[in-house]
Amino acid sequence: MKLEPRKYQIEAREAVIKEWNKGNERTLLVLPTGCGKTIVFTDLLQTVLKAGQRALVLAHTGELLDQAIDKIEKFSDLGTSLEKASSTAVGSDKPIVVGSIQTMCRDNRLEQYPEDYFQYIIVDEAHHSLSPSCQKILGHFKKAKVLGVTATPNRGDQKKLEDYYQSKAYEYEFKQAIKDKFLCPIRVETVSAEIDISNVKMQNGDFAAKDIGETLDDYLSNIATVIKNKCADRKTVVFLPLVSTSQKFCEILNKIGVPATEINGKSINRDEILKDFKEGKYKVICNAMLLTEGWDCPEVDCIVVLRPTRSDSLYRQMCGRGCRLAPGKKDLLLLDFLWLSKRVDLMRPAVLVGTSSNIVERMTKKTLKKTDKEFDLLDLEKEAERDYQNEVEAKLMEELRASAERKKRRERVAAAQDTVHDIGKILGHSGLQSFKHQRTWERQPATINQKNLLKKYGLTDSDVQYITKGAASELITAFIKRRDKGLCTFKQARLLKSFGIKAGSLTFSEASKKISYELSLR
């Protein structure tokens, strides 16, 4: 079958080749679940593999190995051989080896391959790249160019993939994939079950599965009723913390008339269970985190997460099981139970599309106010973005107003200081001429009483318009001292100045006589 990659898949392929050509021989590709990462690396290998060259595709589950073989065989002319358990690729003339990490890391397997046997290595679900077993394989073939492909770029143990990968060649965002209609829209309903997990212990950085399971026991019957009422026409996957909880929940669903099945690591008929679920024999499939990776059922259109987590990667893996497109499928319903927790880093639907912690926080607050009502996740994100922009703009306007007010205050303070200096020059008062505001309170506007008193001493409305408390206090003190010494008033001194006479040292009586004389000459 001819492979016809999507635009972003072509961009991803070219970006990886560019990184390799730049010398970044260990690079990363991030694509959301359901966006065809296997198609991308199949197309990539078809493009870069030359005659006589070989590639190794590594994965950690049988489902991922089967998926890789299926896509490579179907969409390329490259043959594959399998390195897993009793199956070996040693001696095969096929250019691609699809290998189990658990098998390839064994000494007796690695020793059969020279260090330069592979020119390219693809690590599927690359968030496992830093595991000792995977690192052992990569270290053996250290000359090969490596591409890590993942939908979740951070390991749950918080080790960063940048410790191994030199660059991130390309990332296609989950939100953009929905907008581009390569993933289905997500509708969310927050169910007001109020499951209190505040006292659940932490284990390996996440909520302890055993404690979560025990806490859930009292809520399972009510949750089952919710699923019966809200998911009757949907194909539903329920993620639970423990196999025992998963089995118990499956029994409850069947008792209330919801056709349900359960799958776990010890299920001997796993393929049959998944086939029956896909074909509609069951409406609900319960699992204890078994179906987070390597399983595709595009028809799934409802996800119920009953395994609260702090792990962004794990949460995305669970929700990602329902995001693929399928004929007749309109959207994914994500039931979000109202987990009551003191942990602010508990993963909720907002993290799937929120582009920043500010947006995620606002979306989550809005989500909690929309209990028992369905809403579109991208619509909620737009609403949160709009609110955030409005808050930013309001804050900016407030800052501008505050800045303008500070400027006005500085101008008022400077004007008040200049007024005191000018009065000091008229009176020949050195103290007033060198006045400066020293304390914060001095810069505050003068009181009405201060202004009225200054007017009595001869200041005009213009003089006192921007006068400060400190300036007013300084002037009033100076005027009182002049009065007590019998010196002329400021009003007299200002009038005499207009006649060209310095009157600062004149007494009140002397100033009066000079004023009378000057006026008689006019």
# chains A, B, ... in the order shown; residues from 1 in each chain; ligands from 1

call {"tool": "select_by_dssp", "arguments": {"residues": "range 46-106 of chain A", "states": "helix (DSSP H, G or I)", "output": "ChimeraX atom specification"}}
result
/A:46-48,62-75,101-104

call {"tool": "closest_atom_pairs", "arguments": {"of": "range 359-410 of chain A", "to": "range 185-201 of chain A", "cutoff": "12 Å", "atoms": "only C-alpha atoms", "output": "CSV"}}
result
residue,atom,partner,partner_atom,distance
A:Met363,CA,A:Val188,CA,11.6
A:Thr364,CA,A:Thr190,CA,10.2
A:Lys365,CA,A:Thr190,CA,11.4
A:Lys366,CA,A:Thr190,CA,10.4
A:Thr367,CA,A:Thr190,CA,6.7
A:Leu368,CA,A:Thr190,CA,6.8
A:Lys369,CA,A:Thr190,CA,8.7
A:Lys370,CA,A:Thr190,CA,6.7
A:Thr371,CA,A:Thr190,CA,4.7
A:Asp372,CA,A:Val191,CA,5.2
A:Lys373,CA,A:Glu189,CA,5.5
A:Glu374,CA,A:Glu189,CA,4.5
A:Phe375,CA,A:Arg187,CA,5.3
A:Asp376,CA,A:Arg187,CA,4.4
A:Leu377,CA,A:Ile186,CA,5.7
A:Leu378,CA,A:Ile186,CA,7.6
A:Asp379,CA,A:Arg187,CA,9.5
A:Leu380,CA,A:Val188,CA,9.7
A:Glu381,CA,A:Ile186,CA,11.5

call {"tool": "closest_residue", "arguments": {"among": "A:Tyr170, A:Tyr219, A:Phe41, A:Tyr117", "to": "Gln53 in chain A", "atoms": "only C-alpha atoms"}}
result
A:Tyr117

call {"tool": "closest_atom_pairs", "arguments": {"of": "range 376-416 of chain A", "to": "range 452-465 of chain A", "cutoff": "12 Å", "atoms": "only C-alpha atoms", "output": "CSV"}}
result
residue,atom,partner,partner_atom,distance
A:Glu411,CA,A:Gln465,CA,11.9
A:Arg412,CA,A:Gln465,CA,8.8
A:Val413,CA,A:Gln465,CA,11.2
A:Ala415,CA,A:Asp463,CA,9.3
A:Ala416,CA,A:Val464,CA,8.1

call {"tool": "select_by_dssp", "arguments": {"residues": "range 248-440 of chain A", "states": "strand (DSSP E or B)", "output": "list of chain:residue names"}}
result
A:Ala260, A:Thr261, A:Glu262, A:Ile263, A:Val284, A:Ile285, A:Cys286, A:Asn287, A:Cys302, A:Ile303, A:Val304, A:Val305, A:Leu332, A:Leu333, A:Leu334, A:Leu335, A:Asp336, A:Phe337, A:Leu338, A:Trp339, A:Leu340, A:Glu374, A:Phe375, A:Asp376

call {"tool": "closest_atom_pairs", "arguments": {"of": "range 460-492 of chain A", "to": "range 428-438 of chain A", "cutoff": "8 Å", "atoms": "only C-alpha atoms", "output": "Markdown table"}}
result
| residue | atom | partner | partner_atom | distance |
| --- | --- | --- | --- | --- |
| A:Gly470 | CA | A:His437 | CA | 6.5 |
| A:Ala471 | CA | A:His437 | CA | 7.6 |
| A:Glu474 | CA | A:Leu432 | CA | 7.5 |
| A:Leu475 | CA | A:Leu432 | CA | 7.6 |

call {"tool": "atom_distance", "arguments": {"atom1": "CA of Leu290 in chain A", "atom2": "CA of Gly34 in chain A"}}
result
17.5 Å

call {"tool": "residues_around", "arguments": {"residues": "Leu487 in chain A", "least_positions_apart": "3", "cutoff": "12 Å", "atoms": "only C-alpha atoms", "output": "ChimeraX atom specification"}}
result
/A:427-428,478-484,490-493,503-512

call {"tool": "atom_distance", "arguments": {"atom1": "CA of Gln166 in chain A", "atom2": "CA of His127 in chain A"}}
result
14.4 Å

call {"tool": "closest_residue", "arguments": {"among": "A:Asp271, A:Glu111, A:Glu293, A:Glu279", "to": "Thr150 in chain A", "atoms": "only C-alpha atoms"}}
result
A:Glu293

call {"tool": "residues_around", "arguments": {"residues": "range 311-316 of chain A", "least_positions_apart": "6", "cutoff": "12 Å", "atoms": "only C-alpha atoms", "output": "PyMOL selection string"}}
result
chain A and resi 31-34+125-128+150-158+174+204-207+239+289-293+303-305+322-323+334+336+345-353

call {"tool": "residues_around", "arguments": {"residues": "range 89-100 of chain A", "least_positions_apart": "2", "cutoff": "6 Å", "atoms": "only C-alpha atoms", "output": "PyMOL selection string"}}
result
chain A and resi 54-60+79-84+102-104

call {"tool": "atom_distance", "arguments": {"atom1": "CA of Arg362 in chain A", "atom2": "CA of Asp387 in chain A"}}
result
8.3 Å

call {"tool": "residues_around", "arguments": {"residues": "Lys71 in chain A", "least_positions_apart": "3", "cutoff": "12 Å", "atoms": "only C-alpha atoms", "output": "PyMOL selection string"}}
result
chain A and resi 1-3+36-43+45-46+64-68+74-80+98

call {"tool": "write_last_selection", "arguments": {"atoms": "C-alpha atoms", "output": "compact mmCIF listing (two decimals), in the first residue's frame"}}
result
# COMPACT_ATOMS: atom_id res chain seq x y z
CA MET A 1 0.00 0.00 0.00
CA LYS A 2 1.33 3.43 -0.92
CA LEU A 3 2.10 5.57 2.08
CA GLY A 36 0.77 8.07 13.59
CA LYS A 37 4.25 7.91 15.09
CA THR A 38 4.73 4.45 13.54
CA ILE A 39 3.81 5.90 10.14
CA VAL A 40 6.42 8.64 10.62
CA PHE A 41 9.32 6.36 11.44
CA THR A 42 8.28 3.92 8.70
CA ASP A 43 8.40 6.78 6.19
CA LEU A 45 13.36 4.56 7.38
CA GLN A 46 12.04 4.20 3.82
CA LEU A 64 4.02 -2.23 20.06
CA LEU A 65 6.25 -4.77 18.32
CA ASP A 66 3.29 -6.16 16.36
CA GLN A 67 2.15 -2.66 15.50
CA ALA A 68 5.59 -1.70 14.16
CA LYS A 74 2.03 -2.55 5.00
CA PHE A 75 3.38 0.90 4.14
CA SER A 76 6.92 0.26 2.88
CA ASP A 77 8.92 -2.20 0.83
CA LEU A 78 11.24 -2.80 3.77
CA GLY A 79 11.15 -6.28 5.25
CA THR A 80 11.25 -6.97 8.99
CA VAL A 98 11.95 -5.14 15.37

call {"tool": "residues_around", "arguments": {"residues": "Ile10 in chain A", "least_positions_apart": "3", "cutoff": "9 Å", "atoms": "only C-alpha atoms", "output": "number ranges by chain"}}
result
A: 5-7, 13-15, 40, 43-44

call {"tool": "write_last_selection", "arguments": {"atoms": "N, CA and C atoms", "output": "CSV table (one decimal), in the first residue's frame"}}
result
chain,number,residue,atom,x,y,z
A,5,PRO,N,1.8,10.3,3.7
A,5,PRO,CA,1.9,10.9,5.0
A,5,PRO,C,1.1,12.3,5.0
A,6,ARG,N,0.7,12.6,6.2
A,6,ARG,CA,0.1,13.9,6.4
A,6,ARG,C,1.2,15.0,6.4
A,7,LYS,N,0.7,16.2,6.3
A,7,LYS,CA,1.6,17.4,6.3
A,7,LYS,C,2.6,17.4,7.5
A,13,ARG,N,9.4,14.0,9.6
A,13,ARG,CA,10.5,13.2,8.9
A,13,ARG,C,11.6,14.1,8.5
A,14,GLU,N,11.3,15.3,7.8
A,14,GLU,CA,12.4,16.2,7.4
A,14,GLU,C,13.1,16.8,8.5
A,15,ALA,N,12.4,17.1,9.6
A,15,ALA,CA,13.1,17.7,10.8
A,15,ALA,C,14.1,16.7,11.4
A,40,VAL,N,5.3,7.7,10.8
A,40,VAL,CA,6.4,8.6,10.6
A,40,VAL,C,7.7,7.9,10.5
A,43,ASP,N,8.1,5.9,7.3
A,43,ASP,CA,8.4,6.8,6.2
A,43,ASP,C,9.9,7.2,6.3
A,44,LEU,N,10.3,7.5,7.5
A,44,LEU,CA,11.7,8.0,7.7
A,44,LEU,C,12.7,6.9,7.3

call {"tool": "decode", "arguments": {"residues": "range 369-427 of chain A", "atoms": "C-alpha atoms", "output": "mmCIF file, in the first residue's frame"}}
result
data_model
loop_
_atom_site.group_PDB
_atom_site.id
_atom_site.type_symbol
_atom_site.label_atom_id
_atom_site.label_comp_id
_atom_site.auth_asym_id
_atom_site.auth_seq_id
_atom_site.Cartn_x
_atom_site.Cartn_y
_atom_site.Cartn_z
ATOM 1 C CA LYS A 369 -17.743 25.038 38.622
ATOM 2 C CA LYS A 370 -19.292 23.075 35.742
ATOM 3 C CA THR A 371 -20.038 19.853 37.631
ATOM 4 C CA ASP A 372 -22.472 17.433 35.991
ATOM 5 C CA LYS A 373 -22.455 19.423 32.740
ATOM 6 C CA GLU A 374 -20.685 18.495 29.525
ATOM 7 C CA PHE A 375 -18.419 21.070 27.892
ATOM 8 C CA ASP A 376 -15.927 21.163 25.041
ATOM 9 C CA LEU A 377 -12.340 21.214 26.305
ATOM 10 C CA LEU A 378 -11.027 23.579 23.622
ATOM 11 C CA ASP A 379 -13.944 25.959 24.213
ATOM 12 C CA LEU A 380 -13.018 26.010 27.885
ATOM 13 C CA GLU A 381 -9.401 26.711 26.966
ATOM 14 C CA LYS A 382 -10.478 29.654 24.781
ATOM 15 C CA GLU A 383 -12.589 30.962 27.664
ATOM 16 C CA ALA A 384 -9.650 30.664 30.061
ATOM 17 C CA GLU A 385 -7.315 32.311 27.522
ATOM 18 C CA ARG A 386 -9.769 35.174 27.117
ATOM 19 C CA ASP A 387 -10.091 35.615 30.884
ATOM 20 C CA TYR A 388 -6.331 35.504 31.276
ATOM 21 C CA GLN A 389 -5.834 38.126 28.548
ATOM 22 C CA ASN A 390 -8.464 40.322 30.167
ATOM 23 C CA GLU A 391 -6.685 39.962 33.515
ATOM 24 C CA VAL A 392 -3.334 40.763 31.915
ATOM 25 C CA GLU A 393 -4.782 43.814 30.178
ATOM 26 C CA ALA A 394 -6.523 44.960 33.364
ATOM 27 C CA LYS A 395 -3.301 44.529 35.309
ATOM 28 C CA LEU A 396 -1.395 46.422 32.640
ATOM 29 C CA MET A 397 -3.920 49.261 32.718
ATOM 30 C CA GLU A 398 -3.676 49.346 36.498
ATOM 31 C CA GLU A 399 0.106 49.470 36.258
ATOM 32 C CA LEU A 400 -0.138 52.274 33.696
ATOM 33 C CA ARG A 401 -2.543 54.167 35.947
ATOM 34 C CA ALA A 402 -0.247 53.594 38.903
ATOM 35 C CA SER A 403 2.744 54.702 36.849
ATOM 36 C CA ALA A 404 0.898 57.832 35.735
ATOM 37 C CA GLU A 405 -0.107 58.542 39.322
ATOM 38 C CA ARG A 406 3.498 58.070 40.465
ATOM 39 C CA LYS A 407 4.595 60.472 37.770
ATOM 40 C CA LYS A 408 1.984 62.988 38.885
ATOM 41 C CA ARG A 409 3.128 62.566 42.478
ATOM 42 C CA ARG A 410 6.717 63.188 41.463
ATOM 43 C CA GLU A 411 5.630 66.241 39.517
ATOM 44 C CA ARG A 412 3.551 67.491 42.458
ATOM 45 C CA VAL A 413 6.428 66.913 44.852
ATOM 46 C CA ALA A 414 8.839 68.723 42.524
ATOM 47 C CA ALA A 415 6.352 71.579 42.061
ATOM 48 C CA ALA A 416 5.860 71.881 45.833
ATOM 49 C CA GLN A 417 9.605 71.889 46.358
ATOM 50 C CA ASP A 418 10.030 74.604 43.709
ATOM 51 C CA THR A 419 7.302 76.680 45.382
ATOM 52 C CA VAL A 420 9.116 76.528 48.733
ATOM 53 C CA HIS A 421 12.408 77.450 47.045
ATOM 54 C CA ASP A 422 10.800 80.458 45.306
ATOM 55 C CA ILE A 423 9.248 81.666 48.577
ATOM 56 C CA GLY A 424 12.601 81.173 50.273
ATOM 57 C CA LYS A 425 14.271 83.430 47.683
ATOM 58 C CA ILE A 426 11.635 86.134 48.151
ATOM 59 C CA LEU A 427 12.124 86.019 51.935
#
